[in-house]
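Participant: Structure file target.txt, compact mmCIF, C-alpha atoms, is pasted below:
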```txt
# COMPACT_ATOMS: atom_id res chain seq x y z
CA MET A 1 -57.01 -15.59 81.03
CA ARG A 2 -58.15 -16.28 77.53
CA ILE A 3 -59.66 -13.26 75.92
CA ILE A 4 -60.93 -13.19 72.36
CA THR A 5 -61.63 -9.81 70.79
CA ILE A 6 -63.78 -9.40 67.70
CA SER A 7 -63.34 -6.32 65.55
CA ARG A 8 -65.69 -6.17 62.63
CA GLU A 9 -66.98 -4.26 59.68
CA PHE A 10 -70.61 -3.23 59.97
CA GLY A 11 -72.82 -5.90 58.43
CA SER A 12 -70.14 -8.59 58.37
CA GLY A 13 -71.82 -10.69 61.06
CA GLY A 14 -69.00 -10.14 63.55
CA ARG A 15 -71.39 -9.83 66.46
CA GLU A 16 -73.10 -13.08 65.57
CA LEU A 17 -69.73 -14.76 65.17
CA GLY A 18 -68.57 -13.50 68.58
CA LYS A 19 -71.76 -14.59 70.32
CA ARG A 20 -71.75 -18.05 68.76
CA LEU A 21 -68.06 -18.54 69.43
CA ALA A 22 -68.53 -17.60 73.10
CA ASP A 23 -71.53 -19.93 73.41
CA HIS A 24 -69.55 -22.77 71.87
CA LEU A 25 -66.64 -22.15 74.26
CA GLY A 26 -68.99 -21.73 77.21
CA ILE A 27 -67.75 -18.25 78.10
CA PRO A 28 -69.57 -14.90 78.21
CA CYS A 29 -69.72 -12.55 75.23
CA TYR A 30 -69.71 -8.83 75.99
CA ASP A 31 -71.12 -6.56 73.37
CA GLN A 32 -73.85 -3.92 73.64
CA GLN A 33 -74.28 -4.46 77.39
CA ILE A 34 -70.89 -2.82 77.90
CA ILE A 35 -72.62 0.46 77.10
CA GLU A 36 -75.19 -0.15 79.83
CA MET A 37 -72.48 -1.09 82.33
CA ILE A 38 -70.55 2.10 81.62
CA ALA A 39 -73.69 4.20 81.87
CA GLU A 40 -74.50 2.60 85.19
CA GLU A 41 -71.01 3.11 86.54
CA SER A 42 -70.50 6.64 85.27
CA GLY A 43 -74.01 7.87 85.96
CA LEU A 44 -74.22 9.16 82.39
CA ASP A 45 -77.17 8.63 80.10
CA LYS A 46 -77.03 5.34 78.20
CA SER A 47 -77.68 6.85 74.79
CA TYR A 48 -75.04 9.50 75.43
CA VAL A 49 -72.53 6.78 76.29
CA ALA A 50 -73.51 4.86 73.16
CA HIS A 51 -73.13 8.03 71.14
CA ILE A 52 -69.59 8.60 72.34
CA SER A 53 -68.53 5.01 72.60
CA GLU A 54 -69.69 3.87 69.22
CA LYS A 55 -72.01 6.02 67.21
CA SER A 56 -69.87 9.05 66.71
CA ILE A 57 -66.51 10.19 67.88
CA GLN A 58 -66.65 12.88 65.24
CA VAL A 59 -67.83 15.51 67.67
CA ALA A 60 -64.25 15.67 68.80
CA TYR A 61 -63.07 16.41 65.27
CA PRO A 62 -65.13 19.25 63.81
CA MET A 63 -64.68 20.16 60.19
CA THR A 64 -62.57 23.25 59.90
CA ILE A 65 -63.70 25.47 57.07
CA GLY A 66 -61.56 28.24 55.71
CA GLN A 67 -58.48 27.13 57.55
CA ARG A 68 -55.65 25.52 55.69
CA PHE A 69 -54.30 23.58 58.65
CA SER A 70 -56.50 22.26 61.37
CA MET A 71 -55.69 20.39 64.54
CA PRO A 72 -58.16 17.88 65.94
CA ARG A 73 -59.88 19.43 68.91
CA PRO A 74 -59.15 17.38 72.00
CA ALA A 75 -62.01 15.22 73.21
CA ASN A 76 -64.06 16.95 75.86
CA GLU A 77 -64.11 15.96 79.50
CA GLN A 78 -67.15 13.71 79.30
CA GLN A 79 -65.80 11.96 76.24
CA VAL A 80 -62.54 11.30 78.02
CA SER A 81 -64.43 9.99 81.02
CA VAL A 82 -66.51 7.61 78.90
CA ILE A 83 -63.46 6.30 77.07
CA SER A 84 -61.65 5.93 80.36
CA ALA A 85 -64.63 4.13 81.96
CA GLN A 86 -64.70 1.78 78.97
CA LYS A 87 -61.02 1.00 79.43
CA ASN A 88 -61.45 0.26 83.11
CA LEU A 89 -64.53 -1.85 82.57
CA LEU A 90 -62.93 -3.94 79.81
CA LYS A 91 -59.89 -4.60 81.99
CA LYS A 92 -62.10 -5.56 84.91
CA LEU A 93 -64.15 -7.95 82.78
CA ALA A 94 -61.05 -9.49 81.22
CA SER A 95 -59.39 -10.07 84.57
CA GLU A 96 -62.49 -11.75 85.98
CA THR A 97 -63.15 -14.41 83.36
CA ASP A 98 -62.32 -15.80 79.95
CA CYS A 99 -64.59 -14.00 77.52
CA VAL A 100 -65.28 -12.76 74.01
CA ILE A 101 -65.52 -9.00 73.57
CA VAL A 102 -67.07 -7.54 70.43
CA GLY A 103 -65.88 -4.11 69.38
CA ARG A 104 -64.98 -1.36 71.88
CA ALA A 105 -61.36 -1.32 70.65
CA ALA A 106 -60.81 -4.23 73.05
CA ASP A 107 -57.93 -5.54 70.93
CA VAL A 108 -55.93 -2.46 71.89
CA ILE A 109 -57.25 -1.84 75.39
CA LEU A 110 -56.63 -5.43 76.49
CA LYS A 111 -53.22 -5.82 74.89
CA GLU A 112 -51.62 -6.80 78.21
CA PHE A 113 -53.96 -9.81 78.39
CA ASN A 114 -52.51 -11.17 75.11
CA PRO A 115 -55.91 -11.63 73.52
CA LEU A 116 -56.63 -13.52 70.34
CA ASN A 117 -57.64 -10.68 68.05
CA ILE A 118 -60.03 -11.58 65.24
CA PHE A 119 -61.18 -9.25 62.48
CA VAL A 120 -64.41 -10.08 60.65
CA TYR A 121 -65.14 -8.59 57.24
CA ALA A 122 -67.06 -9.25 54.05
CA SER A 123 -67.66 -7.89 50.58
CA LYS A 124 -69.88 -4.84 50.32
CA GLU A 125 -72.58 -6.90 48.58
CA ALA A 126 -72.54 -9.56 51.28
CA LYS A 127 -72.81 -6.93 54.01
CA ILE A 128 -75.76 -5.24 52.34
CA LYS A 129 -77.45 -8.63 51.94
CA ARG A 130 -76.88 -9.46 55.61
CA CYS A 131 -78.25 -6.09 56.72
CA LEU A 132 -81.35 -6.44 54.55
CA GLU A 133 -82.01 -9.92 55.95
CA ARG A 134 -81.51 -8.68 59.49
CA ALA A 135 -83.82 -5.70 59.13
CA SER A 136 -87.36 -6.56 60.12
CA ASP A 137 -90.28 -5.77 57.84
CA GLU A 138 -91.36 -2.89 60.08
CA GLU A 139 -88.10 -1.01 59.84
CA ALA A 140 -87.97 -0.91 56.09
CA ILE A 141 -84.49 0.30 55.17
CA SER A 142 -83.28 0.91 51.66
CA GLU A 143 -80.03 -0.37 50.23
CA LYS A 144 -78.86 3.21 49.87
CA GLU A 145 -79.49 3.89 53.55
CA ILE A 146 -77.59 0.74 54.51
CA VAL A 147 -74.57 1.72 52.44
CA LYS A 148 -74.57 5.16 54.04
CA LYS A 149 -74.91 3.71 57.54
CA MET A 150 -72.22 1.14 56.83
CA LYS A 151 -69.73 3.78 55.74
CA GLN A 152 -70.51 6.03 58.70
CA ILE A 153 -70.31 3.32 61.36
CA ASP A 154 -67.08 1.83 60.02
CA LYS A 155 -65.62 5.33 59.85
CA ASN A 156 -66.56 5.91 63.48
CA ARG A 157 -65.15 2.55 64.55
CA LYS A 158 -61.91 3.33 62.78
CA GLU A 159 -61.73 6.78 64.33
CA LEU A 160 -62.44 5.54 67.84
CA HIS A 161 -59.89 2.79 67.43
CA ASP A 162 -57.18 4.96 65.96
CA LEU A 163 -57.79 7.59 68.64
CA ILE A 164 -56.96 5.08 71.37
CA ALA A 165 -54.38 3.05 69.49
CA SER A 166 -51.21 3.66 67.58
CA THR A 167 -52.24 0.87 65.25
CA GLU A 168 -54.65 0.96 62.33
CA TRP A 169 -58.18 -0.46 62.48
CA GLY A 170 -58.75 -3.15 59.87
CA ASN A 171 -55.06 -3.57 59.00
CA LYS A 172 -54.57 -7.33 59.00
CA ALA A 173 -51.13 -7.01 60.62
CA GLU A 174 -52.90 -5.97 63.85
CA TYR A 175 -54.99 -9.14 64.09
CA HIS A 176 -54.23 -12.82 64.53
CA LEU A 177 -56.95 -14.03 62.23
CA CYS A 178 -59.05 -12.23 59.61
CA ILE A 179 -62.24 -13.94 58.57
CA ASN A 180 -64.13 -13.13 55.40
CA THR A 181 -67.81 -13.99 55.95
CA THR A 182 -68.88 -13.40 52.34
CA ASP A 183 -71.31 -16.18 51.29
CA VAL A 184 -70.61 -18.09 54.46
CA ILE A 185 -73.02 -19.51 57.05
CA ILE A 186 -71.29 -18.33 60.21
CA LYS A 187 -72.86 -20.97 62.43
CA ASP A 188 -71.19 -23.76 60.47
CA LEU A 189 -67.70 -22.36 60.95
CA ILE A 190 -67.89 -22.01 64.72
CA PRO A 191 -66.63 -25.46 65.81
CA ALA A 192 -63.52 -25.12 63.64
CA LEU A 193 -62.97 -21.56 64.83
CA ALA A 194 -63.37 -22.52 68.48
CA ASN A 195 -60.84 -25.28 67.93
CA TYR A 196 -58.48 -22.83 66.24
CA ALA A 197 -58.79 -20.47 69.21
CA GLN A 198 -58.09 -23.24 71.69
CA MET A 199 -54.98 -24.35 69.82
CA TRP A 200 -53.82 -20.76 69.47
CA PHE A 201 -53.96 -20.26 73.22
CA LYS A 202 -52.25 -23.60 73.83
CA ASN A 203 -49.37 -22.31 71.72
CA LYS A 204 -48.81 -19.35 74.02
CA MET B 1 -63.28 -29.65 42.95
CA ARG B 2 -61.93 -28.25 46.17
CA ILE B 3 -58.94 -26.08 45.61
CA ILE B 4 -57.11 -24.26 48.38
CA THR B 5 -54.67 -21.55 47.41
CA ILE B 6 -52.02 -20.24 49.78
CA SER B 7 -50.59 -16.79 49.20
CA ARG B 8 -47.91 -15.83 51.67
CA GLU B 9 -45.35 -13.32 52.79
CA PHE B 10 -41.78 -14.58 52.56
CA GLY B 11 -40.79 -16.15 55.88
CA SER B 12 -44.33 -16.49 57.20
CA GLY B 13 -44.34 -20.28 56.96
CA GLY B 14 -47.01 -20.30 54.27
CA ARG B 15 -45.38 -23.13 52.40
CA GLU B 16 -45.18 -25.25 55.55
CA LEU B 17 -48.82 -24.45 56.30
CA GLY B 18 -49.90 -25.42 52.77
CA LYS B 19 -47.94 -28.68 52.85
CA ARG B 20 -49.24 -29.70 56.27
CA LEU B 21 -52.80 -28.74 55.40
CA ALA B 22 -52.66 -30.83 52.22
CA ASP B 23 -51.17 -33.79 54.11
CA HIS B 24 -53.90 -33.55 56.73
CA LEU B 25 -56.60 -33.44 54.06
CA GLY B 26 -54.95 -36.23 52.09
CA ILE B 27 -54.61 -34.18 48.89
CA PRO B 28 -51.52 -33.11 46.92
CA CYS B 29 -49.75 -29.81 47.55
CA TYR B 30 -48.21 -28.10 44.54
CA ASP B 31 -45.42 -25.66 45.19
CA GLN B 32 -41.90 -25.53 43.74
CA GLN B 33 -42.49 -28.51 41.49
CA ILE B 34 -44.80 -26.35 39.37
CA ILE B 35 -41.64 -24.66 38.08
CA GLU B 36 -40.23 -28.01 37.02
CA MET B 37 -43.48 -28.98 35.34
CA ILE B 38 -43.59 -25.74 33.37
CA ALA B 39 -39.95 -26.10 32.35
CA GLU B 40 -40.59 -29.63 31.18
CA GLU B 41 -43.65 -28.65 29.20
CA SER B 42 -42.27 -25.47 27.68
CA GLY B 43 -38.78 -26.79 27.01
CA LEU B 44 -37.33 -23.75 28.75
CA ASP B 45 -34.55 -23.89 31.31
CA LYS B 46 -35.81 -24.52 34.86
CA SER B 47 -33.89 -21.66 36.44
CA TYR B 48 -35.12 -19.31 33.73
CA VAL B 49 -38.71 -20.33 34.43
CA ALA B 50 -38.14 -19.84 38.15
CA HIS B 51 -36.62 -16.46 37.42
CA ILE B 52 -39.66 -15.30 35.52
CA SER B 53 -42.28 -17.11 37.53
CA GLU B 54 -41.13 -16.05 40.96
CA LYS B 55 -37.72 -14.52 41.42
CA SER B 56 -38.16 -11.42 39.35
CA ILE B 57 -40.76 -9.99 37.09
CA GLN B 58 -38.84 -6.74 37.18
CA VAL B 59 -37.03 -7.39 33.92
CA ALA B 60 -40.28 -6.41 32.28
CA TYR B 61 -40.32 -3.08 34.07
CA PRO B 62 -36.97 -1.34 33.59
CA MET B 63 -36.25 1.85 35.46
CA THR B 64 -36.66 4.79 33.19
CA ILE B 65 -34.16 7.51 33.90
CA GLY B 66 -34.51 11.00 32.57
CA GLN B 67 -38.07 10.50 31.46
CA ARG B 68 -40.91 12.12 33.30
CA PHE B 69 -43.53 9.62 32.23
CA SER B 70 -42.73 6.00 31.65
CA MET B 71 -44.85 3.14 30.51
CA PRO B 72 -44.09 -0.37 31.70
CA ARG B 73 -42.46 -2.21 28.86
CA PRO B 74 -44.64 -5.13 27.84
CA ALA B 75 -43.40 -8.48 29.00
CA ASN B 76 -41.34 -10.19 26.33
CA GLU B 77 -42.46 -13.22 24.40
CA GLN B 78 -40.80 -15.81 26.60
CA GLN B 79 -42.19 -14.19 29.74
CA VAL B 80 -45.65 -14.28 28.29
CA SER B 81 -45.21 -17.91 27.36
CA VAL B 82 -44.05 -18.84 30.87
CA ILE B 83 -46.95 -17.01 32.49
CA SER B 84 -49.33 -18.59 30.03
CA ALA B 85 -47.86 -22.07 30.64
CA GLN B 86 -48.28 -21.51 34.38
CA LYS B 87 -51.93 -20.61 33.88
CA ASN B 88 -52.60 -23.68 31.78
CA LEU B 89 -50.77 -25.97 34.18
CA LEU B 90 -52.60 -24.64 37.24
CA LYS B 91 -55.95 -25.09 35.54
CA LYS B 92 -55.01 -28.60 34.48
CA LEU B 93 -53.92 -29.53 38.01
CA ALA B 94 -57.02 -28.00 39.56
CA SER B 95 -59.37 -29.81 37.21
CA GLU B 96 -57.72 -33.16 37.90
CA THR B 97 -57.85 -33.31 41.68
CA ASP B 98 -58.56 -31.48 44.92
CA CYS B 99 -55.29 -29.84 45.89
CA VAL B 100 -53.44 -27.10 47.73
CA ILE B 101 -51.43 -24.69 45.60
CA VAL B 102 -48.83 -22.46 47.20
CA GLY B 103 -48.10 -19.16 45.47
CA ARG B 104 -48.10 -18.77 41.65
CA ALA B 105 -51.02 -16.29 41.82
CA ALA B 106 -53.27 -19.36 41.92
CA ASP B 107 -55.96 -17.41 43.78
CA VAL B 108 -56.48 -15.31 40.66
CA ILE B 109 -55.72 -17.86 37.97
CA LEU B 110 -58.10 -20.43 39.43
CA LYS B 111 -60.95 -18.06 40.20
CA GLU B 112 -63.42 -20.09 38.13
CA PHE B 113 -62.80 -23.07 40.46
CA ASN B 114 -64.04 -21.04 43.47
CA PRO B 115 -61.00 -21.83 45.55
CA LEU B 116 -60.61 -21.17 49.27
CA ASN B 117 -58.00 -18.42 49.22
CA ILE B 118 -55.80 -18.18 52.30
CA PHE B 119 -53.21 -15.49 52.97
CA VAL B 120 -50.43 -16.25 55.44
CA TYR B 121 -48.46 -13.43 57.07
CA ALA B 122 -46.48 -12.58 60.18
CA SER B 123 -44.67 -9.76 61.90
CA LYS B 124 -41.29 -8.80 60.47
CA GLU B 125 -39.55 -10.10 63.61
CA ALA B 126 -41.33 -13.45 63.43
CA LYS B 127 -40.45 -13.83 59.75
CA ILE B 128 -36.77 -13.07 60.39
CA LYS B 129 -36.75 -15.60 63.25
CA ARG B 130 -38.33 -18.25 61.06
CA CYS B 131 -35.84 -17.63 58.25
CA LEU B 132 -32.89 -17.81 60.64
CA GLU B 133 -34.15 -21.09 62.07
CA ARG B 134 -34.68 -22.47 58.58
CA ALA B 135 -31.26 -21.51 57.30
CA SER B 136 -28.75 -24.33 57.77
CA ASP B 137 -25.40 -23.72 59.45
CA GLU B 138 -23.62 -23.93 56.12
CA GLU B 139 -25.56 -21.16 54.43
CA ALA B 140 -24.89 -18.57 57.09
CA ILE B 141 -27.17 -15.67 56.29
CA SER B 142 -27.29 -12.41 58.19
CA GLU B 143 -30.41 -10.75 59.47
CA LYS B 144 -29.73 -7.86 57.13
CA GLU B 145 -29.57 -10.18 54.14
CA ILE B 146 -32.84 -11.82 55.18
CA VAL B 147 -34.62 -8.48 55.44
CA LYS B 148 -33.34 -7.51 51.99
CA LYS B 149 -34.39 -10.86 50.51
CA MET B 150 -37.78 -10.66 52.21
CA LYS B 151 -38.52 -7.24 50.76
CA GLN B 152 -37.38 -8.23 47.29
CA ILE B 153 -39.31 -11.50 47.14
CA ASP B 154 -42.54 -10.00 48.48
CA LYS B 155 -42.18 -7.17 45.99
CA ASN B 156 -41.80 -9.68 43.17
CA ARG B 157 -44.77 -11.70 44.37
CA LYS B 158 -46.88 -8.59 44.49
CA GLU B 159 -45.75 -7.49 41.04
CA LEU B 160 -46.38 -10.86 39.47
CA HIS B 161 -49.79 -11.07 41.13
CA ASP B 162 -50.86 -7.57 40.22
CA LEU B 163 -49.66 -8.05 36.65
CA ILE B 164 -52.05 -10.97 36.20
CA ALA B 165 -54.87 -9.74 38.44
CA SER B 166 -56.95 -6.66 38.81
CA THR B 167 -56.86 -7.25 42.56
CA GLU B 168 -54.18 -6.36 45.07
CA TRP B 169 -51.79 -8.92 46.57
CA GLY B 170 -52.03 -9.04 50.36
CA ASN B 171 -55.27 -7.04 50.57
CA LYS B 172 -57.42 -9.04 52.97
CA ALA B 173 -60.56 -8.34 50.92
CA GLU B 174 -59.16 -10.66 48.24
CA TYR B 175 -58.85 -13.67 50.56
CA HIS B 176 -61.27 -15.79 52.54
CA LEU B 177 -59.01 -16.24 55.53
CA CYS B 178 -55.88 -14.40 56.61
CA ILE B 179 -53.68 -16.17 59.12
CA ASN B 180 -51.05 -14.44 61.22
CA THR B 181 -48.36 -16.99 62.09
CA THR B 182 -46.47 -14.75 64.52
CA ASP B 183 -45.45 -16.80 67.59
CA VAL B 184 -47.51 -19.72 66.43
CA ILE B 185 -46.57 -23.37 65.95
CA ILE B 186 -48.14 -23.98 62.54
CA LYS B 187 -48.39 -27.74 62.99
CA ASP B 188 -50.75 -27.33 65.95
CA LEU B 189 -53.25 -25.22 64.01
CA ILE B 190 -53.63 -27.63 61.09
CA PRO B 191 -56.51 -29.81 62.34
CA ALA B 192 -58.65 -26.74 63.11
CA LEU B 193 -57.73 -25.17 59.77
CA ALA B 194 -58.51 -28.34 57.84
CA ASN B 195 -61.86 -28.46 59.61
CA TYR B 196 -62.48 -24.81 58.75
CA ALA B 197 -61.68 -25.50 55.09
CA GLN B 198 -64.02 -28.48 54.99
CA MET B 199 -66.88 -26.49 56.52
CA TRP B 200 -66.19 -23.58 54.18
CA PHE B 201 -66.56 -25.85 51.13
CA LYS B 202 -69.68 -27.47 52.59
CA ASN B 203 -71.20 -23.96 52.71
CA LYS B 204 -70.78 -23.49 48.97
```
Now, as a test, write the supplied structure out as C-alpha cells.

Facilitator:
Amino acid sequence: MRIITISREFGSGGRELGKRLADHLGIPCYDQQIIEMIAEESGLDKSYVAHISEKSIQVAYPMTIGQRFSMPRPANEQQVSVISAQKNLLKKLASETDCVIVGRAADVILKEFNPLNIFVYASKEAKIKRCLERASDEEAISEKEIVKKMKQIDKNRKELHDLIASTEWGNKAEYHLCINTTDVIIKDLIPALANYAQMWFKNK
Amino acid sequence: MRIITISREFGSGGRELGKRLADHLGIPCYDQQIIEMIAEESGLDKSYVAHISEKSIQVAYPMTIGQRFSMPRPANEQQVSVISAQKNLLKKLASETDCVIVGRAADVILKEFNPLNIFVYASKEAKIKRCLERASDEEAISEKEIVKKMKQIDKNRKELHDLIASTEWGNKAEYHLCINTTDVIIKDLIPALANYAQMWFKNK
C-alpha cells in the first residue's frame, strides 16, 4: 500500500496540493469527508465530530487559573471515541487502497503503513494572501481575522497531533519532505512531486 | 540566473545530492573547491581558509569563564576577510552561470539572486550509516567519533550561518524544500528533484 499523508499549516494550500497530487496519481484523496464518515459510523453529530477532530481539542485542556501547577484534564469519553473512530477509519481506508490523506494526524496514525509524510507550509504573508484569494466576496474576511484563525487552527492541529503522537507537529524531522508553497503555483509542481513520490516508494 | 543552494546536515548526503542534481541539470556544482578559490584569491593558506570557512568559527567566540555576562568577541581581521572573500566569490560565481552551491551559507549570501534553497537532512541513525559506508577501510572511524564529528560540524555550520544571517540554520521556514534522505537512494530521486527545481523557477 502506498499512502501519502499531507500535514499542513492553515492557508498553505496543503489541501489543494493533496487533492491535485491524488488526482495526478489516480488515487483517492481523503480530507473533509473523513469527518462525515466518522459521524456516520459513530452516530454522533457531524459538527460535533468536526469540532473535536479538528476545530478544537482545547476543551480537553481548560485554562487553570489560580493554580501554580495544572495537569491536562483527560479527554472525555466522547472525545476519546471520536479520536478512536478516526484511527480505525484511517487504518481501514489505508488498508483498502493507495490514497492521499490530508490532516487527521494520519502521519502518526498510519505509521505501520510506512506512508510518505509531506508537510506543507508557507510564509505568513503568502498564507494570508492565499486565504484572501480563497474567500469569496460574500464572506468578507479581514486580514486580522485570517491571522487569528490561522493561529488558532494551527494551534489546534498541533495539539491534536501531539496528543496522539510522541512526535512534534511541524518538526521537519518527522516528515519525509517539507514543501514551502510561498509564491508558488501548486498546480505546476504536481507532476514533479508525483514523480518524487513514486521514486520514494520504489526505494522502499 | 538560476541558483540552487544546498544546506545540509553532516552525513545527510547533501553534497552527493547537490552534485547529482547539478550533473542532471548540466550546470556546475560548487562545493569544496570554493575554499581553494578563496585561498588563491586572498593569498591565505588553504587549510586556514577551510578552518575559518567551515571547520570552526568558534575561535571568534571564546568561552568566558568567571564572567556572568559575556559578549562574543568580534571576529578578527583575517576571519572577516575570509568571510568577505567568500561572499564576493559566491556572488561572482552566481552572476556568471546557473549553478548549484553546497554549503557556505549561500542561501543567505545569494538572497538577491532569488535562489531555490534546499535543506537536506536525515535521522541520526541514517547519517551514521552513511558516514560509516563512506569511510574507507583505512580511515577506520568509530560510531562514537562520527557522532562527535557530526555534532561539531553541524554546530559550526549553524554558527557560521547565523553569524552572517538574521535567519536560523535548519529552520524549514528559511528553505523552499526540505528533503529527508533517511533510507533513500539519493540517485533515484534526482530526476524528480531536477524537474521540481525547473518548475519552481518557471513559477518565478

Participant: Any idea what the distance is between CA of Pro191 in chain A and CA of His24 in chain A?

Facilitator: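 So the two atoms, CA of Pro191 in chain A and CA of His24 in chain A, lie 7.2 Å apart.
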
Participant: Taking (-54.9, -34.4, 48.7) in the file's coordinates, which residues come within 8 Å, counting all atoms listed in the file, written as a ChimeraX atom specification?

Facilitator: /B:22-23,25-29,97-100

Participant: Can I get the selection written as a CSV table (one decimal), in the frame of the given file, with C-alpha atoms?

Facilitator:
```
chain,number,residue,atom,x,y,z
B,22,ALA,CA,-52.7,-30.8,52.2
B,23,ASP,CA,-51.2,-33.8,54.1
B,25,LEU,CA,-56.6,-33.4,54.1
B,26,GLY,CA,-55.0,-36.2,52.1
B,27,ILE,CA,-54.6,-34.2,48.9
B,28,PRO,CA,-51.5,-33.1,46.9
B,29,CYS,CA,-49.8,-29.8,47.6
B,97,THR,CA,-57.8,-33.3,41.7
B,98,ASP,CA,-58.6,-31.5,44.9
B,99,CYS,CA,-55.3,-29.8,45.9
B,100,VAL,CA,-53.4,-27.1,47.7
```

Participant: Identify, on the basis of only C-alpha atoms, every residue whose closest approach to Ser95 in chain A does not exceed 10 Å; exclude the query and any residue fewer than 6 positions from it along the same chain; express the result as a list in words.

Facilitator: Met1, Arg2, Ile3, Leu89, Leu110 and Phe113 of chain A

Participant: Could you give me, as a list in words, the residues within 9 Å of Ile38 in chain B, counting only C-alpha atoms and dropping anything in the same chain fewer than 5 positions from it?

Facilitator: Gln33, Gly43, Leu44, Lys46, Val49, Val82, Ala85, Gln86 and Leu89 of chain B

Participant: Please identify all residues of chain A having at least one atom at most 9 Å from any atom of chain B, considering only C-alpha atoms, and return them as a ChimeraX atom specification.

Facilitator: /A:121-123,171-173,175-185,188-197,199-200,202-204

Participant: Find the distance between CA of Ser42 in chain A and CA of Gln78 in chain A and write it in Å to one decimal.

Facilitator: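 If I compute the distance from CA of Ser42 in chain A to CA of Gln78 in chain A, I get 9.8 Å.
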
Participant: In Å, rounded to a single decimal, give me how far CA of Gly13 in chain B is from CA of Val102 in chain B.

Facilitator: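 So the two atoms, CA of Val102 in chain B and CA of Gly13 in chain B, lie 11.0 Å apart.
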
Participant: List the spatial neighbours of Asp107 in chain A as a list of chain:residue names - criterion: any atom at most 9 Å away, only C-alpha atoms, same-chain residues fewer than 6 positions off excluded.

Facilitator: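 The contact residues come out as A:Ile4, A:Thr5, A:Ile6, A:Ser7, A:Ile101, A:Asn114, A:Pro115, A:Leu116, A:Asn117, A:Ile118, A:Glu174, A:Tyr175.
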
Participant: Will you model N, CA, C and O atoms for range 84-95 of chain B and pass it back as a PDB file, in the coordinates of the input?

Facilitator:
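The result, stored in selection_33.pdb:
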```pdb
ATOM      1  N   SER B  84     -48.224 -17.874  30.652  1.00  0.00           N
ATOM      2  CA  SER B  84     -49.330 -18.590  30.030  1.00  0.00           C
ATOM      3  C   SER B  84     -49.248 -20.085  30.337  1.00  0.00           C
ATOM      4  O   SER B  84     -50.263 -20.734  30.625  1.00  0.00           O
ATOM      5  N   ALA B  85     -48.034 -20.648  30.311  1.00  0.00           N
ATOM      6  CA  ALA B  85     -47.860 -22.070  30.640  1.00  0.00           C
ATOM      7  C   ALA B  85     -48.263 -22.330  32.086  1.00  0.00           C
ATOM      8  O   ALA B  85     -48.874 -23.344  32.413  1.00  0.00           O
ATOM      9  N   GLN B  86     -47.933 -21.388  32.950  1.00  0.00           N
ATOM     10  CA  GLN B  86     -48.280 -21.510  34.380  1.00  0.00           C
ATOM     11  C   GLN B  86     -49.799 -21.533  34.547  1.00  0.00           C
ATOM     12  O   GLN B  86     -50.337 -22.344  35.297  1.00  0.00           O
ATOM     13  N   LYS B  87     -50.468 -20.651  33.824  1.00  0.00           N
ATOM     14  CA  LYS B  87     -51.930 -20.610  33.880  1.00  0.00           C
ATOM     15  C   LYS B  87     -52.528 -21.940  33.452  1.00  0.00           C
ATOM     16  O   LYS B  87     -53.373 -22.505  34.131  1.00  0.00           O
ATOM     17  N   ASN B  88     -52.053 -22.425  32.301  1.00  0.00           N
ATOM     18  CA  ASN B  88     -52.600 -23.680  31.780  1.00  0.00           C
ATOM     19  C   ASN B  88     -52.355 -24.842  32.729  1.00  0.00           C
ATOM     20  O   ASN B  88     -53.232 -25.666  32.968  1.00  0.00           O
ATOM     21  N   LEU B  89     -51.129 -24.871  33.275  1.00  0.00           N
ATOM     22  CA  LEU B  89     -50.770 -25.970  34.180  1.00  0.00           C
ATOM     23  C   LEU B  89     -51.636 -25.938  35.433  1.00  0.00           C
ATOM     24  O   LEU B  89     -52.172 -26.962  35.860  1.00  0.00           O
ATOM     25  N   LEU B  90     -51.791 -24.759  36.021  1.00  0.00           N
ATOM     26  CA  LEU B  90     -52.600 -24.640  37.240  1.00  0.00           C
ATOM     27  C   LEU B  90     -54.028 -25.103  36.991  1.00  0.00           C
ATOM     28  O   LEU B  90     -54.610 -25.833  37.791  1.00  0.00           O
ATOM     29  N   LYS B  91     -54.578 -24.694  35.856  1.00  0.00           N
ATOM     30  CA  LYS B  91     -55.950 -25.090  35.540  1.00  0.00           C
ATOM     31  C   LYS B  91     -56.068 -26.591  35.319  1.00  0.00           C
ATOM     32  O   LYS B  91     -57.049 -27.207  35.720  1.00  0.00           O
ATOM     33  N   LYS B  92     -55.036 -27.145  34.712  1.00  0.00           N
ATOM     34  CA  LYS B  92     -55.010 -28.600  34.480  1.00  0.00           C
ATOM     35  C   LYS B  92     -54.962 -29.330  35.823  1.00  0.00           C
ATOM     36  O   LYS B  92     -55.755 -30.241  36.079  1.00  0.00           O
ATOM     37  N   LEU B  93     -54.059 -28.896  36.693  1.00  0.00           N
ATOM     38  CA  LEU B  93     -53.920 -29.530  38.010  1.00  0.00           C
ATOM     39  C   LEU B  93     -55.234 -29.429  38.791  1.00  0.00           C
ATOM     40  O   LEU B  93     -55.703 -30.400  39.383  1.00  0.00           O
ATOM     41  N   ALA B  94     -55.810 -28.239  38.770  1.00  0.00           N
ATOM     42  CA  ALA B  94     -57.020 -28.000  39.560  1.00  0.00           C
ATOM     43  C   ALA B  94     -58.207 -28.807  39.048  1.00  0.00           C
ATOM     44  O   ALA B  94     -59.081 -29.194  39.822  1.00  0.00           O
ATOM     45  N   SER B  95     -58.223 -29.074  37.739  1.00  0.00           N
ATOM     46  CA  SER B  95     -59.370 -29.810  37.210  1.00  0.00           C
ATOM     47  C   SER B  95     -59.191 -31.316  37.386  1.00  0.00           C
ATOM     48  O   SER B  95     -60.129 -32.088  37.198  1.00  0.00           O
TER      49      SER B  95
END
```
